[in-house]
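Text of protein.txt (compact mmCIF, C-alpha atoms and all ligand atoms) as supplied:
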# COMPACT_ATOMS: atom_id res chain seq x y z
CA MET A 1 -26.87 -19.51 -19.26
CA SER A 2 -29.08 -16.69 -20.53
CA ASP A 3 -28.70 -13.07 -19.40
CA GLU A 4 -32.20 -13.29 -17.91
CA MET A 5 -31.25 -16.31 -15.83
CA MET A 6 -28.04 -14.58 -14.64
CA ARG A 7 -30.10 -11.54 -13.70
CA GLN A 8 -32.54 -13.66 -11.68
CA ILE A 9 -29.71 -15.47 -9.89
CA ARG A 10 -28.05 -12.16 -9.01
CA GLN A 11 -31.39 -10.79 -7.76
CA ARG A 12 -32.02 -13.91 -5.64
CA LEU A 13 -28.54 -13.82 -4.12
CA GLU A 14 -28.97 -10.15 -3.34
CA SER A 15 -32.29 -10.75 -1.59
CA LEU A 16 -30.72 -13.57 0.46
CA ARG A 17 -27.87 -11.23 1.40
CA ARG A 18 -30.36 -8.51 2.43
CA ALA A 19 -32.18 -11.09 4.55
CA GLY A 20 -28.88 -11.65 6.37
CA ILE A 21 -28.02 -14.97 4.71
CA GLU A 22 -24.40 -14.62 3.75
CA ARG A 23 -23.83 -18.20 2.82
CA ILE A 24 -25.95 -21.17 1.98
CA PRO A 25 -25.21 -23.98 4.48
CA SER A 26 -22.88 -26.48 2.92
CA PRO A 27 -24.22 -28.93 1.95
CA PRO A 28 -27.61 -27.31 2.50
CA PRO A 29 -30.36 -29.60 3.76
CA GLN A 30 -32.64 -28.29 1.04
CA ARG A 31 -30.28 -29.66 -1.57
CA VAL A 32 -31.75 -33.05 -0.67
CA ILE A 33 -33.76 -33.24 -3.81
CA GLU A 34 -36.80 -35.33 -4.42
CA ARG A 35 -39.39 -33.22 -6.13
CA SER A 36 -42.32 -35.54 -6.19
CA VAL A 37 -44.09 -37.37 -3.43
CA ARG A 38 -42.62 -40.85 -3.19
CA THR A 39 -45.21 -43.47 -2.47
CA ASP A 40 -43.22 -46.34 -3.87
CA LEU A 41 -40.09 -46.48 -1.72
CA ALA A 42 -39.49 -48.30 1.52
CA GLU A 43 -36.11 -46.57 1.76
CA PRO A 44 -35.68 -42.77 1.65
CA PRO A 45 -34.25 -41.58 -1.68
CA ALA A 46 -30.50 -41.34 -2.29
CA ILE A 47 -29.05 -38.25 -0.66
CA ALA A 48 -26.01 -36.23 -1.63
CA GLY A 49 -23.83 -35.12 1.27
CA PRO A 50 -23.73 -36.25 4.89
CA PRO A 51 -26.61 -38.26 6.29
CA ILE A 52 -29.57 -36.34 7.62
CA PRO A 53 -31.64 -37.73 10.47
CA ARG A 54 -33.90 -40.47 9.18
CA PRO A 55 -37.59 -40.65 10.03
CA SER A 56 -38.72 -43.34 12.41
CA PRO A 57 -39.20 -46.64 10.64
CA VAL A 58 -42.47 -46.78 8.79
CA ALA A 59 -44.37 -49.77 7.51
CA PRO A 60 -43.31 -50.72 3.97
CA THR A 61 -46.68 -49.69 2.62
CA SER A 62 -46.49 -46.22 4.17
CA PRO A 63 -45.63 -43.35 1.87
CA ALA A 64 -42.02 -42.16 2.13
CA PRO A 65 -41.29 -38.58 3.26
CA VAL A 66 -42.01 -35.66 0.97
CA MET A 67 -38.75 -33.93 0.15
CA LEU A 68 -38.46 -30.69 -1.74
CA SER A 69 -35.85 -28.58 -3.33
CA THR A 70 -35.69 -24.87 -2.67
CA PRO A 71 -34.83 -23.12 -5.91
CA LEU A 72 -32.20 -20.42 -5.98
CA PHE A 73 -34.73 -18.04 -7.45
CA GLY A 74 -38.44 -17.91 -8.09
CA GLU A 75 -41.17 -19.38 -5.93
CA PRO A 76 -40.53 -22.69 -4.16
CA ASP A 77 -41.80 -25.74 -5.92
CA ILE A 78 -44.15 -27.59 -3.62
CA GLY A 79 -44.43 -30.47 -6.05
CA GLY A 80 -47.13 -31.25 -8.54
CA THR A 81 -48.75 -34.15 -6.74
CA GLU A 82 -51.22 -33.67 -3.92
CA VAL A 83 -50.64 -36.08 -1.03
CA PRO A 84 -53.78 -38.19 -0.52
CA ALA A 85 -55.55 -37.15 2.68
CA GLU A 86 -55.24 -40.62 4.21
CA HIS A 87 -51.43 -40.53 3.96
CA ARG A 88 -51.00 -37.12 5.52
CA PRO A 89 -51.19 -38.06 9.23
CA ASP A 90 -48.44 -40.72 8.81
CA LEU A 91 -46.25 -38.40 6.76
CA LEU A 92 -46.64 -35.60 9.29
CA ALA A 93 -45.92 -38.00 12.16
CA ALA A 94 -42.75 -39.24 10.40
CA LEU A 95 -41.66 -35.67 9.74
CA ALA A 96 -42.36 -34.72 13.37
CA SER A 97 -40.08 -37.57 14.52
CA GLU A 98 -37.39 -36.34 12.16
CA VAL A 99 -37.74 -32.82 13.57
CA ALA A 100 -37.61 -34.15 17.17
CA GLU A 101 -34.25 -35.79 16.44
CA CYS A 102 -32.81 -32.86 14.50
CA SER A 103 -29.43 -31.65 15.71
CA ARG A 104 -28.54 -29.19 12.95
CA CYS A 105 -28.47 -26.21 15.35
CA PRO A 106 -26.35 -27.12 18.40
CA MET A 107 -27.33 -23.98 20.30
CA LEU A 108 -31.04 -24.68 19.92
CA VAL A 109 -30.58 -28.35 20.77
CA ALA A 110 -28.86 -27.29 24.00
CA SER A 111 -31.52 -24.77 24.97
CA ARG A 112 -34.77 -26.44 23.95
CA SER A 113 -36.81 -28.78 26.14
CA ARG A 114 -38.48 -30.25 23.08
CA THR A 115 -39.23 -29.39 19.49
CA VAL A 116 -42.54 -27.80 18.54
CA PHE A 117 -43.62 -29.32 15.26
CA GLY A 118 -46.98 -27.62 14.82
CA GLU A 119 -50.52 -28.89 15.09
CA GLY A 120 -53.87 -28.91 13.41
CA SER A 121 -55.77 -30.57 10.64
CA PRO A 122 -53.75 -32.44 7.98
CA THR A 123 -56.40 -31.30 5.51
CA ALA A 124 -56.53 -27.69 6.72
CA ARG A 125 -57.62 -25.10 4.14
CA LEU A 126 -55.65 -22.49 6.03
CA MET A 127 -52.21 -22.63 7.62
CA PHE A 128 -50.77 -20.01 10.00
CA ILE A 129 -47.01 -19.65 10.12
CA GLY A 130 -45.23 -17.97 13.02
CA GLU A 131 -41.59 -17.43 13.86
CA ALA A 132 -40.39 -19.81 16.59
CA PRO A 133 -41.69 -21.30 19.84
CA GLY A 134 -41.56 -19.29 23.05
CA ALA A 135 -41.35 -20.47 26.65
CA GLU A 136 -44.86 -21.89 26.93
CA GLU A 137 -44.58 -23.65 23.57
CA ASP A 138 -41.23 -25.13 24.62
CA ARG A 139 -42.81 -26.38 27.84
CA THR A 140 -45.86 -27.94 26.19
CA GLY A 141 -44.57 -28.89 22.72
CA ARG A 142 -47.54 -27.06 21.15
CA PRO A 143 -47.42 -23.94 18.93
CA PHE A 144 -48.94 -20.63 19.96
CA VAL A 145 -50.21 -21.51 23.42
CA GLY A 146 -48.71 -18.60 25.38
CA LYS A 147 -50.09 -15.04 25.49
CA ALA A 148 -49.60 -14.49 21.76
CA GLY A 149 -51.18 -17.88 21.17
CA ILE A 150 -54.30 -16.93 23.09
CA LEU A 151 -54.66 -13.90 20.84
CA LEU A 152 -54.07 -16.02 17.71
CA THR A 153 -56.69 -18.50 18.92
CA ASP A 154 -59.15 -15.63 19.41
CA MET A 155 -58.37 -14.35 15.91
CA ILE A 156 -59.14 -17.80 14.49
CA THR A 157 -62.21 -18.59 16.56
CA LYS A 158 -63.87 -15.27 17.47
CA GLY A 159 -62.58 -13.34 14.47
CA MET A 160 -62.80 -15.86 11.65
CA GLY A 161 -65.43 -18.20 13.11
CA LEU A 162 -63.19 -21.25 12.61
CA ALA A 163 -62.10 -23.91 15.08
CA ARG A 164 -58.40 -23.94 15.98
CA GLU A 165 -58.34 -27.69 15.20
CA ASP A 166 -59.50 -27.01 11.62
CA VAL A 167 -56.48 -24.90 10.65
CA PHE A 168 -52.80 -25.88 10.87
CA ILE A 169 -50.41 -23.80 12.98
CA ALA A 170 -46.65 -24.06 12.49
CA ASN A 171 -43.49 -22.03 12.89
CA VAL A 172 -40.50 -21.40 10.65
CA VAL A 173 -38.16 -22.59 13.42
CA LYS A 174 -39.18 -25.61 15.49
CA SER A 175 -37.01 -25.06 18.58
CA ARG A 176 -37.14 -22.20 21.05
CA PRO A 177 -34.21 -19.81 20.63
CA PRO A 178 -32.50 -19.02 23.95
CA GLU A 179 -33.96 -15.97 25.76
CA ASN A 180 -36.56 -15.78 22.96
CA ARG A 181 -34.00 -14.09 20.72
CA ASN A 182 -34.69 -13.98 16.99
CA PRO A 183 -33.60 -17.13 15.18
CA THR A 184 -30.37 -16.60 13.25
CA PRO A 185 -30.33 -16.76 9.44
CA GLU A 186 -28.49 -20.07 9.70
CA GLU A 187 -31.08 -21.53 12.11
CA ILE A 188 -33.83 -20.40 9.75
CA ALA A 189 -32.06 -21.96 6.76
CA ASN A 190 -31.58 -25.21 8.69
CA CYS A 191 -35.22 -25.46 9.74
CA LEU A 192 -37.00 -24.14 6.65
CA PRO A 193 -36.98 -27.48 4.77
CA TYR A 194 -39.19 -28.94 7.51
CA LEU A 195 -41.77 -26.20 7.07
CA GLU A 196 -41.61 -26.58 3.30
CA ARG A 197 -42.37 -30.26 3.69
CA GLN A 198 -45.25 -29.55 6.10
CA ILE A 199 -46.74 -27.17 3.54
CA ALA A 200 -46.25 -29.69 0.73
CA ILE A 201 -47.96 -32.47 2.71
CA ILE A 202 -50.91 -30.37 3.86
CA ARG A 203 -51.06 -28.20 0.74
CA PRO A 204 -53.41 -25.66 2.32
CA GLN A 205 -55.43 -23.41 0.05
CA PHE A 206 -54.29 -20.31 1.96
CA LEU A 207 -51.34 -19.25 4.07
CA CYS A 208 -51.38 -16.55 6.75
CA VAL A 209 -47.85 -15.52 7.63
CA LEU A 210 -47.38 -13.89 11.02
CA GLY A 211 -44.74 -11.20 11.40
CA LYS A 212 -41.58 -10.04 9.74
CA ILE A 213 -39.32 -13.02 10.25
CA ALA A 214 -41.77 -15.56 8.85
CA ALA A 215 -42.73 -13.19 6.02
CA SER A 216 -39.17 -12.37 4.94
CA THR A 217 -38.28 -16.07 5.07
CA LEU A 218 -41.21 -17.39 3.07
CA LEU A 219 -41.51 -14.55 0.59
CA GLN A 220 -37.74 -14.07 0.25
CA THR A 221 -37.94 -10.36 0.73
CA ALA A 222 -36.44 -7.62 2.86
CA LEU A 223 -39.48 -5.35 2.47
CA PRO A 224 -40.88 -3.96 5.72
CA MET A 225 -44.15 -5.27 7.18
CA ASN A 226 -46.15 -2.23 6.14
CA ARG A 227 -45.29 -3.00 2.49
CA LEU A 228 -46.15 -6.69 2.88
CA ARG A 229 -49.41 -6.72 4.79
CA GLY A 230 -52.74 -5.77 3.28
CA LYS A 231 -52.12 -7.48 -0.06
CA TRP A 232 -51.97 -10.91 -1.61
CA HIS A 233 -48.74 -12.80 -2.22
CA SER A 234 -48.05 -16.26 -3.54
CA TYR A 235 -45.97 -18.99 -1.94
CA GLY A 236 -45.49 -21.97 -4.26
CA GLY A 237 -48.76 -20.97 -5.93
CA ILE A 238 -50.66 -20.79 -2.61
CA PRO A 239 -52.45 -17.46 -2.04
CA THR A 240 -50.69 -15.96 0.97
CA ILE A 241 -51.28 -12.99 3.25
CA VAL A 242 -48.93 -11.41 5.74
CA THR A 243 -50.17 -9.83 8.93
CA TRP A 244 -48.74 -8.58 12.19
CA HIS A 245 -47.42 -11.18 14.62
CA PRO A 246 -49.85 -11.54 17.57
CA ALA A 247 -47.00 -10.77 20.01
CA TYR A 248 -46.53 -7.43 18.21
CA VAL A 249 -50.29 -6.77 18.35
CA LEU A 250 -50.19 -7.33 22.11
CA ARG A 251 -47.45 -4.70 22.40
CA THR A 252 -48.97 -2.33 19.83
CA PRO A 253 -52.75 -2.09 20.18
CA SER A 254 -52.98 0.15 17.10
CA ALA A 255 -51.95 -2.87 15.00
CA LYS A 256 -55.18 -4.63 15.96
CA LYS A 257 -57.27 -2.76 13.40
CA GLU A 258 -54.86 -3.59 10.56
CA THR A 259 -54.70 -7.21 11.62
CA TRP A 260 -58.49 -7.38 11.51
CA GLU A 261 -58.44 -5.80 8.02
CA ASP A 262 -55.97 -8.46 6.87
CA LEU A 263 -58.12 -11.24 8.31
CA GLN A 264 -61.21 -9.82 6.62
CA MET A 265 -59.38 -9.83 3.28
CA LEU A 266 -58.48 -13.47 3.90
CA MET A 267 -62.00 -14.42 4.99
CA LYS A 268 -63.55 -12.86 1.88
CA ARG A 269 -61.28 -14.85 -0.41
CA MET A 270 -61.94 -18.01 1.61
CA GLY A 271 -65.68 -17.46 1.23
CA LEU A 272 -66.20 -17.02 4.98
CA LYS A 273 -68.83 -14.71 6.38
CA VAL A 274 -67.26 -11.50 7.67
CA PRO A 275 -68.92 -10.13 10.83
CA GLU A 276 -69.94 -6.49 10.56
CA LYS A 277 -68.18 -5.49 13.77
CA ARG A 278 -64.67 -6.40 14.84
CA PRO A 279 -64.99 -9.05 17.53
CA GLY A 280 -63.57 -8.24 20.97
N1 LIG A 301 -44.52 -16.96 18.71
C1 LIG A 301 -44.34 -17.66 17.56
O1 LIG A 301 -43.91 -17.13 16.55
N2 LIG A 301 -44.66 -18.95 17.58
C2 LIG A 301 -45.16 -19.58 18.63
O2 LIG A 301 -45.45 -20.78 18.55
C3 LIG A 301 -45.35 -18.82 19.80
C4 LIG A 301 -45.01 -17.51 19.82
Conversion result in structure tokens:
Amino acid sequence: MSDEMMRQIRQRLESLRRAGIERIPSPPPQRVIERSVRTDLAEPPAIAGPPIPRPSPVAPTSPAPVMLSTPLFGEPDIGGTEVPAEHRPDLLAALASEVAECSRCPMLVASRSRTVFGEGSPTARLMFIGEAPGAEEDRTGRPFVGKAGILLTDMITKGMGLAREDVFIANVVKSRPPENRNPTPEEIANCLPYLERQIAIIRPQFLCVLGKIAASTLLQTALPMNRLRGKWHSYGGIPTIVTWHPAYVLRTPSAKKETWEDLQMLMKRMGLKVPEKRPG
């Protein structure tokens, strides 16, 4: 192994440690490796380690689930093959069933009413990624429908001039943590492969990451929010911005202006018309 590779591994392990991840779950779900989209298998690919929940049975002609590996260092590989648009709804539905049956985090299984997979267009150009469902999301099974969700919806519709149904909204963690506490590093590591697969299926052109937990998870960094927002990042080659979580904006009105600046930066790159005045 070259010195450069050793250096990168050390750097990656250090950033995981700073993010609070002391050990990689053994065997980690993301070690289930199938880099490309399988359209030819009726059975899921061979898996090392204990069985993971299987998706609901799908018709033999349906595409099999997209599975990814998370590299130890560098950007995640979201696979070279774009999933044809007509296969995406079935793949997302199969993945949602897998998520609904997931029991990797016993504490979350005990406290959740249901999982919150995410919702929106399977061909969305833009995907928003939050942290974890709250009470209202747990009650309804839909992401961002509580107070923070109303603000996010306003940002999308009044701010960006898009319809909520045209974007995709997901969370890093798909089950509500008890008392709305932050998800633990282990819960995040357990759930992240599902988000990676959502991103790989939808392959949006842009990601908007909401808040510190989602940003540190996706960008593998311990940098504070004020060093992450206001600039472009890349996640698996997808241009990505980080902005304040809407729940934080509700608590900190001064963050509204910066959030609007971040959205304007995103809108310009997406080729959307930016209104002269900040809406609302
Ligand atoms: N906060 C999040 O991060 N996600 C939701 O779905 C709701 C609130």
Write out as a ChimeraX atom specification the residues lying within 12 Å of segment 137-148 of chain A, counting all atoms listed in the file and excluding same-chain residues fewer than 2 positions away. /A:96,100,108-109,111-120,128-135,150-156,164,168-180,210-211,244-251
Let me know the centre plus edge lengths, in Å and rounded to one decimal, of a box with edges along x, y and z that contains all listed atoms of ligand LIG 301 (chain A) and is padded by 3 Å on every side, as lines of an AutoDock Vina configuration file.
center_x = -44.7
center_y = -18.9
center_z = 18.2
size_x = 7.5
size_y = 9.8
size_z = 9.3
As an exercise, work out the distance from atom CA of Met107 of chain A to atom CA of Ala189 of chain A in Å and give it to one decimal place.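 Spanning atom CA of Met107 of chain A to atom CA of Ala189 of chain A is a straight-line distance of 14.5 Å.
Relative to atom CA of Ile78 of chain A, atom N2 of ligand LIG 301 (chain A) is found at 22.9 Å.
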Residue nearest ligand LIG 301 (chain A) - candidates A:Leu266, A:Val242, A:Ala214, A:Ala222, atoms counted: only C-alpha atoms and all ligand atoms: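 Ranking A:Leu266, A:Val242, A:Ala214, A:Ala222 by distance to ligand LIG 301 (chain A), first place goes to A:Ala214.
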What is the distance, in Å and to one decimal place, between atom CA of Glu165 of chain A and atom CA of Gly149 of chain A?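 Between these atoms lies a distance of 13.5 Å.
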Using all atoms listed in the file, find the one residue out of A:Ala215, A:Ile238, A:Met265, A:Val274 that sits nearest to ligand LIG 301 (chain A). A:Ala215
Which residue out of A:Met160, A:Leu263, A:Ala85, A:Ile213 has the minimum interatomic distance to ligand LIG 301 (chain A) when all atoms listed in the file are used? A:Ile213
Contacts of Pro239 of chain A at 12 Å or less, counting all atoms listed in the file, minus same-chain residues fewer than 2 places along, as a count of residues only? 24
Nearest residue to Ala124 of chain A out of A:Glu187, A:Asp166, A:Asp262, A:Glu196, using all atoms listed in the file? A:Asp166
May I ask which of the residues A:Glu136, A:Glu261, A:Glu86, A:Glu101 is the closest one to ligand LIG 301 (chain A), counting only C-alpha atoms and all ligand atoms? A:Glu136
Name the residues in contact with Trp260 of chain A at a cut-off of 8 Å, using only C-alpha atoms, excluding same-chain residues fewer than 4 positions from it; report them as a PyMOL selection string. chain A and resi 159+256+264+278
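Proximity ranking of A:Ala200, A:Ser121, A:Lys212, A:Cys102 relative to ligand LIG 301 (chain A) places A:Lys212 first, based on all atoms listed in the file.
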Identify, on the basis of only C-alpha atoms, every residue whose closest approach to Pro89 of chain A does not exceed 10 Å; exclude the query and any residue fewer than 6 positions from it along the same chain; express the result as a ChimeraX atom specification. /A:95,121-123,201-202
